[in-house]
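J.: Data file data.txt (compact mmCIF, C-alpha atoms and all ligand atoms) is appended below.
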```txt
# COMPACT_ATOMS: atom_id res chain seq x y z
CA MET A 1 -11.36 -54.52 16.00
CA LYS A 2 -12.13 -51.64 18.38
CA CYS A 3 -11.57 -47.90 18.11
CA ARG A 4 -8.50 -46.74 20.01
CA VAL A 5 -10.39 -43.79 21.43
CA CYS A 6 -13.94 -44.92 22.27
CA ARG A 7 -13.71 -48.76 22.06
CA GLN A 8 -16.71 -48.85 19.68
CA ARG A 9 -16.48 -50.93 16.50
CA ALA A 10 -13.59 -49.67 14.33
CA VAL A 11 -14.00 -49.10 10.58
CA ILE A 12 -10.32 -48.67 9.67
CA GLN A 13 -6.93 -49.86 10.81
CA VAL A 14 -3.95 -47.50 10.53
CA LYS A 15 -1.07 -49.86 11.13
CA ARG A 16 1.72 -47.29 11.17
CA HIS A 17 0.01 -45.53 14.09
CA HIS A 18 -0.79 -48.91 15.74
CA ALA A 19 -4.39 -47.75 15.82
CA ASN A 20 -7.92 -48.63 14.76
CA PHE A 21 -10.61 -45.97 14.55
CA CYS A 22 -14.38 -45.70 14.36
CA LYS A 23 -15.75 -43.31 11.74
CA ASP A 24 -15.88 -40.20 13.95
CA HIS A 25 -12.48 -40.72 15.52
CA PHE A 26 -10.86 -41.51 12.16
CA ILE A 27 -12.19 -38.21 10.78
CA GLU A 28 -10.94 -36.44 13.89
CA HIS A 29 -7.54 -38.17 13.49
CA ILE A 30 -7.22 -36.98 9.86
CA HIS A 31 -8.17 -33.41 10.79
CA ARG A 32 -5.56 -33.48 13.54
CA GLN A 33 -2.86 -34.79 11.19
CA VAL A 34 -3.51 -31.98 8.72
CA ALA A 35 -3.77 -29.28 11.42
CA LYS A 36 -0.45 -30.51 12.87
CA THR A 37 1.24 -30.33 9.45
CA ILE A 38 -0.03 -26.79 8.78
CA ASP A 39 1.17 -25.73 12.20
CA GLU A 40 4.53 -27.49 12.24
CA TYR A 41 5.62 -26.16 8.85
CA LYS A 42 3.94 -22.75 9.36
CA MET A 43 2.12 -23.20 6.06
CA PHE A 44 -0.44 -20.39 6.41
CA ASP A 45 -2.76 -18.67 8.80
CA ALA A 46 -6.32 -17.38 8.70
CA ALA A 47 -5.22 -14.05 7.16
CA ASP A 48 -3.75 -15.67 4.02
CA ARG A 49 -5.75 -15.97 0.81
CA LEU A 50 -5.65 -19.66 -0.12
CA LEU A 51 -6.14 -21.26 -3.52
CA LEU A 52 -6.37 -25.05 -3.74
CA GLY A 53 -5.56 -27.00 -6.91
CA VAL A 54 -8.64 -29.22 -7.40
CA SER A 55 -8.58 -32.27 -9.70
CA GLY A 56 -11.88 -33.93 -8.76
CA GLY A 57 -9.95 -36.85 -7.24
CA LYS A 58 -10.10 -38.01 -3.63
CA ASP A 59 -7.04 -36.11 -2.38
CA SER A 60 -7.93 -32.58 -3.45
CA LEU A 61 -11.63 -32.90 -2.55
CA ALA A 62 -10.81 -34.50 0.81
CA LEU A 63 -8.30 -31.72 1.52
CA TRP A 64 -10.84 -29.03 0.57
CA ASN A 65 -13.30 -30.60 2.99
CA ILE A 66 -10.70 -30.88 5.76
CA LEU A 67 -9.53 -27.26 5.43
CA ASN A 68 -13.12 -26.12 5.41
CA GLU A 69 -13.84 -28.09 8.58
CA LEU A 70 -10.70 -26.66 10.19
CA GLY A 71 -12.15 -23.19 9.56
CA TYR A 72 -10.00 -21.97 6.67
CA ALA A 73 -11.60 -20.11 3.77
CA VAL A 74 -10.19 -21.76 0.64
CA ASP A 75 -11.10 -21.19 -3.01
CA GLY A 76 -10.47 -23.93 -5.58
CA VAL A 77 -9.11 -23.92 -9.10
CA TYR A 78 -9.86 -26.71 -11.56
CA LEU A 79 -7.73 -27.07 -14.65
CA HIS A 80 -9.45 -28.76 -17.61
CA LEU A 81 -6.68 -30.72 -19.32
CA GLY A 82 -8.67 -31.91 -22.34
CA ILE A 83 -8.32 -35.61 -21.45
CA GLY A 84 -11.67 -36.79 -22.89
CA ASP A 85 -14.44 -37.99 -20.54
CA TYR A 86 -11.98 -38.15 -17.66
CA SER A 87 -11.61 -34.34 -17.67
CA SER A 88 -15.34 -33.65 -18.12
CA GLU A 89 -16.34 -36.04 -15.32
CA SER A 90 -13.69 -34.65 -12.96
CA LEU A 91 -14.92 -31.12 -13.67
CA ASN A 92 -18.53 -32.14 -12.92
CA LEU A 93 -17.54 -33.76 -9.64
CA SER A 94 -15.48 -30.72 -8.62
CA THR A 95 -18.30 -28.33 -9.53
CA ASN A 96 -20.88 -30.42 -7.65
CA PHE A 97 -18.64 -30.55 -4.58
CA ALA A 98 -18.12 -26.77 -4.58
CA GLU A 99 -21.78 -25.92 -5.24
CA ALA A 100 -23.07 -28.23 -2.52
CA ARG A 101 -20.86 -26.45 0.03
CA GLY A 102 -21.09 -22.89 -1.28
CA LEU A 103 -17.38 -22.83 -2.19
CA LYS A 104 -15.81 -20.81 -4.98
CA LEU A 105 -14.25 -22.79 -7.85
CA GLN A 106 -12.32 -21.10 -10.66
CA VAL A 107 -12.11 -23.12 -13.87
CA SER A 108 -9.31 -22.81 -16.37
CA ASP A 109 -9.66 -24.66 -19.67
CA LEU A 110 -6.39 -25.60 -21.40
CA PRO A 111 -7.90 -26.36 -24.86
CA ALA A 112 -10.26 -23.34 -24.82
CA GLU A 113 -7.79 -20.81 -23.40
CA PHE A 114 -4.47 -22.04 -24.73
CA GLY A 115 -5.52 -23.99 -27.84
CA PHE A 116 -4.25 -27.46 -26.95
CA SER A 117 -4.92 -30.48 -24.73
CA VAL A 118 -2.47 -32.58 -22.70
CA PRO A 119 -2.67 -35.55 -25.15
CA GLU A 120 -1.93 -33.17 -28.07
CA ALA A 121 0.97 -31.53 -26.24
CA ALA A 122 2.45 -34.93 -25.30
CA ALA A 123 2.25 -36.17 -28.90
CA ALA A 124 3.64 -32.99 -30.44
CA SER A 125 6.50 -32.52 -27.97
CA ARG A 126 7.27 -36.26 -27.57
CA ARG A 127 7.17 -35.73 -23.82
CA ALA A 128 5.59 -38.27 -21.48
CA PRO A 129 1.95 -37.12 -20.98
CA CYS A 130 2.48 -36.55 -17.25
CA SER A 131 5.45 -34.32 -17.97
CA ALA A 132 3.49 -32.10 -20.40
CA CYS A 133 0.60 -32.16 -17.92
CA GLY A 134 2.75 -31.26 -14.90
CA LEU A 135 4.38 -28.37 -16.74
CA SER A 136 0.98 -27.00 -17.83
CA LYS A 137 -0.51 -27.36 -14.34
CA ARG A 138 2.40 -25.59 -12.64
CA TYR A 139 2.31 -22.75 -15.15
CA ILE A 140 -1.44 -22.14 -15.10
CA LEU A 141 -1.86 -22.50 -11.33
CA ASN A 142 0.98 -20.02 -10.75
CA GLN A 143 -0.53 -17.63 -13.26
CA ILE A 144 -3.98 -17.76 -11.67
CA ALA A 145 -2.61 -17.38 -8.14
CA ASP A 146 -0.63 -14.36 -9.30
CA GLU A 147 -3.41 -12.69 -11.30
CA LEU A 148 -5.99 -13.12 -8.55
CA SER A 149 -3.57 -12.17 -5.74
CA TYR A 150 -3.69 -15.38 -3.73
CA ASP A 151 -0.93 -15.68 -1.10
CA VAL A 152 -0.72 -19.46 -1.06
CA LEU A 153 -1.20 -22.23 -3.57
CA VAL A 154 -2.35 -25.35 -1.70
CA MET A 155 -1.67 -28.75 -3.28
CA GLY A 156 -3.26 -32.11 -2.44
CA HIS A 157 -0.14 -34.31 -2.58
CA ASN A 158 -0.43 -37.10 -0.02
CA LEU A 159 2.15 -39.22 1.82
CA ASP A 160 2.30 -41.79 -0.99
CA ASP A 161 2.85 -39.11 -3.66
CA GLU A 162 5.65 -37.47 -1.71
CA ALA A 163 7.38 -40.72 -0.71
CA ALA A 164 7.29 -41.99 -4.33
CA THR A 165 8.63 -38.69 -5.67
CA LEU A 166 11.39 -38.73 -3.05
CA PHE A 167 12.22 -42.31 -4.01
CA SER A 168 12.46 -41.30 -7.66
CA ASN A 169 14.67 -38.30 -6.87
CA VAL A 170 16.95 -40.39 -4.64
CA LEU A 171 17.33 -43.11 -7.28
CA ARG A 172 18.69 -40.41 -9.59
CA TRP A 173 20.34 -38.30 -6.84
CA ASN A 174 18.64 -35.35 -8.42
CA ALA A 175 20.02 -32.66 -6.09
CA GLU A 176 17.97 -29.84 -7.61
CA TYR A 177 14.66 -31.67 -7.14
CA LEU A 178 15.66 -32.96 -3.68
CA ALA A 179 16.36 -29.36 -2.61
CA ARG A 180 12.85 -28.41 -3.66
CA GLN A 181 11.09 -31.40 -2.08
CA ARG A 182 9.80 -29.48 0.91
CA PRO A 183 6.32 -29.16 2.42
CA VAL A 184 6.55 -25.38 1.91
CA LEU A 185 8.17 -23.53 -0.97
CA PRO A 186 8.31 -19.84 -0.15
CA ALA A 187 6.90 -17.19 -2.49
CA THR A 188 9.43 -15.57 -4.77
CA ASN A 189 9.81 -11.92 -5.69
CA GLU A 190 9.34 -12.80 -9.32
CA GLY A 191 5.74 -13.80 -8.87
CA PHE A 192 5.55 -17.43 -7.74
CA ALA A 193 3.07 -17.87 -4.87
CA ARG A 194 4.04 -19.85 -1.75
CA LYS A 195 3.28 -23.54 -2.29
CA VAL A 196 2.24 -25.87 0.50
CA LYS A 197 1.27 -29.53 0.89
CA PRO A 198 -0.83 -30.05 4.03
CA LEU A 199 -1.76 -33.71 3.24
CA ILE A 200 1.73 -35.19 3.47
CA ARG A 201 1.00 -37.01 6.74
CA VAL A 202 -2.03 -38.76 5.27
CA ALA A 203 -1.64 -41.90 3.14
CA GLU A 204 -3.57 -42.42 -0.08
CA ARG A 205 -5.81 -45.17 1.33
CA GLU A 206 -6.63 -42.84 4.23
CA THR A 207 -7.71 -39.94 1.97
CA ALA A 208 -9.88 -42.45 0.06
CA ALA A 209 -11.41 -43.74 3.31
CA TYR A 210 -11.94 -40.16 4.53
CA ALA A 211 -13.69 -39.19 1.28
CA VAL A 212 -15.98 -42.24 1.41
CA LEU A 213 -16.82 -41.74 5.09
CA GLN A 214 -17.60 -38.06 4.47
CA GLY A 215 -19.85 -38.90 1.49
CA ILE A 216 -17.61 -37.09 -0.99
CA ASP A 217 -18.30 -38.11 -4.59
CA TYR A 218 -14.90 -38.16 -6.32
CA GLU A 219 -13.43 -39.36 -9.61
CA VAL A 220 -12.55 -43.00 -9.01
CA ASP A 221 -11.26 -43.81 -12.49
CA GLU A 222 -7.58 -43.35 -13.04
CA CYS A 223 -6.45 -40.83 -15.65
CA PRO A 224 -6.18 -42.75 -18.96
CA MET A 225 -2.79 -41.11 -19.61
CA ALA A 226 -1.30 -42.55 -16.39
CA ALA A 227 -0.25 -45.88 -17.92
CA GLY A 228 3.51 -46.29 -17.68
CA ASN A 229 3.85 -43.49 -15.10
CA THR A 230 6.97 -44.39 -13.11
CA ILE A 231 5.76 -42.68 -9.94
CA ASN A 232 2.82 -45.11 -9.83
CA ARG A 233 5.26 -48.01 -10.11
CA TYR A 234 7.31 -46.65 -7.22
CA LYS A 235 4.12 -46.31 -5.18
CA GLU A 236 3.42 -50.02 -5.71
CA TRP A 237 6.93 -50.95 -4.56
CA LEU A 238 6.69 -48.73 -1.50
CA ASN A 239 3.31 -50.29 -0.67
CA ARG A 240 4.90 -53.73 -0.71
CA LEU A 241 7.58 -52.53 1.72
CA GLU A 242 4.89 -50.88 3.85
CA GLU A 243 2.99 -54.17 4.11
CA ASP A 244 6.05 -55.87 5.58
CA SER A 245 7.11 -52.92 7.72
CA PRO A 246 4.26 -50.53 8.56
CA GLY A 247 5.58 -46.98 8.88
CA VAL A 248 8.50 -47.37 6.49
CA LYS A 249 6.99 -44.94 3.97
CA ALA A 250 6.42 -42.18 6.53
CA GLY A 251 9.87 -42.88 8.03
CA PHE A 252 11.47 -42.48 4.62
CA LEU A 253 9.75 -39.15 3.90
CA PHE A 254 9.89 -37.56 7.34
CA GLY A 255 13.44 -38.80 7.95
CA PHE A 256 14.42 -36.94 4.81
CA LEU A 257 12.55 -33.79 5.83
CA GLU A 258 14.09 -33.87 9.33
CA ARG A 259 17.64 -34.94 8.54
CA GLY A 260 18.19 -35.12 4.80
CA VAL A 261 16.83 -32.05 3.07
CA GLU A 262 19.24 -29.75 4.94
CA HIS A 263 22.05 -31.34 2.91
CA PHE A 264 20.37 -30.09 -0.25
CA PRO A 265 20.17 -26.36 0.36
CA ASN A 266 17.58 -24.61 -1.70
CA ALA A 267 20.39 -23.25 -3.83
CA ASP A 268 19.95 -19.71 -4.99
CA ARG A 269 17.70 -19.99 -7.96
CA PRO A 270 19.12 -18.46 -11.09
CA THR A 271 17.95 -14.90 -11.56
CA LEU A 272 14.64 -15.13 -13.30
CA ASP A 273 13.70 -13.06 -16.33
CA SER A 274 10.26 -12.52 -17.79
CA CYS A 275 9.14 -14.71 -20.69
CA ARG A 276 9.17 -12.77 -23.95
CA PHE A 277 5.65 -13.99 -24.78
CA CYS A 278 3.70 -14.29 -21.55
CA GLY A 279 5.73 -12.32 -19.02
CA GLN A 280 5.87 -15.15 -16.47
CA PRO A 281 9.18 -15.80 -14.65
CA THR A 282 11.61 -18.00 -16.57
CA THR A 283 15.31 -18.78 -16.69
CA SER A 284 15.44 -18.42 -20.46
CA ASP A 285 14.11 -16.02 -23.06
CA VAL A 286 10.90 -17.99 -23.60
CA CYS A 287 9.32 -20.04 -20.79
CA ALA A 288 8.89 -23.82 -21.04
CA PHE A 289 5.10 -23.54 -21.25
CA CYS A 290 5.17 -21.07 -24.17
CA ARG A 291 7.66 -23.38 -25.92
CA LEU A 292 5.35 -26.37 -25.35
CA GLN A 293 2.40 -24.36 -26.66
CA ALA A 294 4.33 -23.25 -29.77
CA VAL A 295 5.47 -26.81 -30.61
CA THR A 296 1.94 -28.16 -30.14
CA LEU A 297 0.17 -25.49 -32.16
CA ARG A 298 2.68 -25.93 -34.99
CA ALA A 299 2.13 -29.71 -35.15
S1 LIG A 301 -3.71 -35.96 -14.82
FE1 LIG A 301 -1.85 -35.37 -15.81
FE2 LIG A 301 -2.03 -36.98 -13.72
FE3 LIG A 301 -3.13 -37.71 -16.05
S2 LIG A 301 -1.61 -36.86 -17.45
FE4 LIG A 301 -0.44 -37.69 -15.73
S3 LIG A 301 -0.18 -35.93 -14.41
S4 LIG A 301 -1.89 -38.98 -14.72
S5 LIG A 301 -2.11 -36.46 -11.60
ZN ZN A 302 -14.15 -44.04 18.29
ZN ZN A 303 5.81 -17.83 -21.44
```
Just give me the structure as structure tokens.
Ligand code: Q46
Ligand code: ZN
Ligand code: ZN
T.:
Amino acid sequence: MKCRVCRQRAVIQVKRHHANFCKDHFIEHIHRQVAKTIDEYKMFDAADRLLLGVSGGKDSLALWNILNELGYAVDGVYLHLGIGDYSSESLNLSTNFAEARGLKLQVSDLPAEFGFSVPEAAAASRRAPCSACGLSKRYILNQIADELSYDVLVMGHNLDDEAATLFSNVLRWNAEYLARQRPVLPATNEGFARKVKPLIRVAERETAAYAVLQGIDYEVDECPMAAGNTINRYKEWLNRLEEDSPGVKAGFLFGFLERGVEHFPNADRPTLDSCRFCGQPTTSDVCAFCRLQAVTLRA
């Protein structure tokens, strides 16, 4: 197996690009894929203040490294979710990564600052853990981006994440979610920062390979609350299809972005009010996060 570029020994095969790469040319390939995505979707430029959601996993740390190497100044924000050793280890890995490279990492601690953990919120609200977790992450990341005047919130969702979410939204024909499944969500007047996903051209196994080849120490254990997560099941199904037909996953996602999403116009969002308790934008009197917090603290 030889590298497509230099004909030296290849270390990875990327079937959907009909290509094998050596270490250096694979890294170059990944940087190019991300640079192309930023450019094509006009995600941000050097003047924007960027804040990256960091989990300590391969995707967010790989993306931080890539953006750094592409010359962007990016700060990180880690959200401690109170999921036992998993959260403490992920925080350590994120802190070590940032310190070794002289990068700035903000840390927000859900139990310490808001009085509850994701497992407690899931139990008290009878939500699936990932639903309580997702709601908390969106809320806190938006709040931090707003308070610290960042222009752009950068997220580490990869090709597999986006294809599986699209699959889930299509199975339900969830028009509202399909309308919002875009690589860039513009900032809103009410205080939501622009949100972008520069990793959507890079598959999960490629971010893992990138992280290993770059010597990035990341959290390899899966979150203990992930059991039963339907998105993970859809990822497995899509991987089986991908094995038979390399490129089908990217075709599904990018076909939708090129020809499908326009049929789901980003309908005018309902006029947003301010939450009675926290002041963040919401469609009702009290925002979903404050309701989750109230239910959990009462339990
Ligand atoms: S951290 Fe949170 Fe994930 Fe754990 S509870 Fe689910 S969403 S699986 S990315
Ligand atoms: Zn090469
Ligand atoms: Zn609120």
J.: Give the residue list for ligand ZN 302 (chain A) at 6 Å, counting all atoms listed in the file, as a PyMOL selection string, sorted by chain and then by residue number.
T.: chain A and resi 3+5-6+8+21-22+25
J.: Could those residues be written to a file, using C-alpha atoms, as a compact mmCIF listing (two decimals), keeping the file's coordinate frame?
T.:
```txt
# COMPACT_ATOMS: atom_id res chain seq x y z
CA CYS A 3 -11.57 -47.90 18.11
CA VAL A 5 -10.39 -43.79 21.43
CA CYS A 6 -13.94 -44.92 22.27
CA GLN A 8 -16.71 -48.85 19.68
CA PHE A 21 -10.61 -45.97 14.55
CA CYS A 22 -14.38 -45.70 14.36
CA HIS A 25 -12.48 -40.72 15.52
```
J.: May I ask which of the residues A:Leu79, A:Val286, A:Val295, A:Val11 is the closest one to ligand ZN 303 (chain A), counting all atoms listed in the file?
T.: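 Using all atoms listed in the file, ligand ZN 303 (chain A) sits closest to A:Val286.
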J.: Can you tell me which residues come within 7 Å of ligand LIG 301 (chain A) when counting all atoms listed in the file, ideally as a list in words?
T.: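 After applying the 7 Å limit, what remains is Val118, Pro129, Cys130, Ser131, Cys133, Gly134, Cys223, Pro224, Met225 and Ala226 of chain A.
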J.: Report the closest atom pair, with its distance in Å rounded to one decimal, for each residue of chain A that has an atom no farther than 8 Å from ligand ZN 303 (chain A); count all atoms listed in the file, sort by chain and then rising residue number, and write it as JSON lines.
T.:
```
{"residue": "A:Ser274", "atom": "CA", "partner": "A:ZN303", "partner_atom": "ZN", "distance": 7.8}
{"residue": "A:Cys275", "atom": "CA", "partner": "A:ZN303", "partner_atom": "ZN", "distance": 4.6}
{"residue": "A:Arg276", "atom": "CA", "partner": "A:ZN303", "partner_atom": "ZN", "distance": 6.6}
{"residue": "A:Phe277", "atom": "CA", "partner": "A:ZN303", "partner_atom": "ZN", "distance": 5.1}
{"residue": "A:Cys278", "atom": "CA", "partner": "A:ZN303", "partner_atom": "ZN", "distance": 4.1}
{"residue": "A:Gly279", "atom": "CA", "partner": "A:ZN303", "partner_atom": "ZN", "distance": 6.0}
{"residue": "A:Gln280", "atom": "CA", "partner": "A:ZN303", "partner_atom": "ZN", "distance": 5.6}
{"residue": "A:Pro281", "atom": "CA", "partner": "A:ZN303", "partner_atom": "ZN", "distance": 7.8}
{"residue": "A:Thr282", "atom": "CA", "partner": "A:ZN303", "partner_atom": "ZN", "distance": 7.6}
{"residue": "A:Val286", "atom": "CA", "partner": "A:ZN303", "partner_atom": "ZN", "distance": 5.5}
{"residue": "A:Cys287", "atom": "CA", "partner": "A:ZN303", "partner_atom": "ZN", "distance": 4.2}
{"residue": "A:Ala288", "atom": "CA", "partner": "A:ZN303", "partner_atom": "ZN", "distance": 6.7}
{"residue": "A:Phe289", "atom": "CA", "partner": "A:ZN303", "partner_atom": "ZN", "distance": 5.8}
{"residue": "A:Cys290", "atom": "CA", "partner": "A:ZN303", "partner_atom": "ZN", "distance": 4.3}
{"residue": "A:Arg291", "atom": "CA", "partner": "A:ZN303", "partner_atom": "ZN", "distance": 7.4}
```
J.: Of the candidates A:Gly251, A:Pro198, A:Gly84, A:Pro246, which one gets nearest to Ala163 in chain A if we count all atoms listed in the file?
T.: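 Nearest to Ala163 in chain A: A:Gly251.
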J.: Would you kindly identify which residues have an atom no farther than 12 Å from (1.6, -24.5, 10.6), using all atoms listed in the file and the file's own coordinates, and write them out as a ChimeraX atom specification?
T.: /A:32-46,183-184,196-198
J.: Between CA of Phe26 in chain A and CA of Arg4 in chain A, measure the distance and give it in Å to one decimal.
T.: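 Result for CA of Phe26 in chain A versus CA of Arg4 in chain A: 9.7 Å, one decimal.
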J.: If we count all atoms listed in the file and set the cut-off at 7 Å, which residues sit around range 258-264 of chain A, ignoring sequence neighbours fewer than 3 positions away in its own chain? Please answer as a ChimeraX atom specification.
T.: /A:175,178-179,254-255
J.: Would you mind telling me which residue in A:Arg49, A:Arg182, A:Arg201, A:Lys58 lies nearest to Val152 in chain A when using all atoms listed in the file?
T.: A:Arg49
J.: By how many Å are CA of Thr188 in chain A and CA of Val202 in chain A apart?
T.: 27.7 Å
